Structures are given as structure tokens and as C-alpha cells.
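**Student:** Right, I'll just put the structure down here and ask away after.
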Amino acid sequence: MGFIIMIIVGGLIGWIAGMIMGKDIPGGILGNIIAGLIGSFIGSKLLGTWGPVWGGVPIFPALIGAIILIFIVSLILKAIKK
């Protein structure tokens, strides 16, 4: 059950980060989940695990990490399109 909650939280974090950045994440729902979970890993390594934790995911560091990930991916995709 914890794994399912972690996937749901990852998807929500990825979706919120995409809304904040104003960019669509490639891959739709699966892309949101991946961005949220990888963002959680990045945010936890950079910022620690402060703030509320839901489903084993620290919300604020995960959101900041997902925003950083979306920014980097958008730069890479922009460079590839040129």
C-alpha cells in the first residue's frame, strides 16, 4: 500500500511542478510520476527531508527537486530541437 501512495504522491508532485514551471512533462501521467519520484530523490539529496512527509516522500524537497528536474529536461529538449 505504501508503494501505491508513493506513486500517487510522485504523480501529484510532478503535476504541480509542471504547473509551476508552465511546461508539459513528456509522457503524460507516467512522466509526472517519474518526475515526482526522481525529483523527490534529487530534492532529498540536496535539501534533506524537512517538511511534511506523505507516503515516504518529503513534499517540499520533492517539489523543489521536481522543478529542477523539469527545468533541466526542458533545456535538454530545447537544445535537441535546434
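Each chain in the C-alpha cells gets a letter, A, B and so on, in the order shown; residues start at 1 in every chain, and ligands are counted from 1 in the order they appear.
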Name all residues at most 8 Å from segment 6-19 of chain A (count only C-alpha atoms; drop same-chain ones fewer than 2 positions away) and give them as a ChimeraX atom specification.

**Tutor:** /A:2-4,21-25,29-37,39-40,54-57,59,62-64,66-67,70

**Student:** When you count only C-alpha atoms, which of these residues is closest to Ile20 of chain A: A:Ile68, A:Leu46, A:Ile38, A:Met1?

**Tutor:**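 Among the listed residues, A:Ile68 lies closest to Ile20 of chain A.
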
**Student:** Considering only C-alpha atoms, can you say which of A:Trp50, A:Phe60, A:Lys45, A:Pro26 comes closest to Ser74 of chain A?

**Tutor:**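 Residue with the minimum atom-to-atom distance to Ser74 of chain A: A:Pro26.
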
**Student:** Can you tell me how far atom CA of Ile42 of chain A sits from atom CA of Pro58 of chain A, in Å to one decimal?

**Tutor:** 11.2 Å
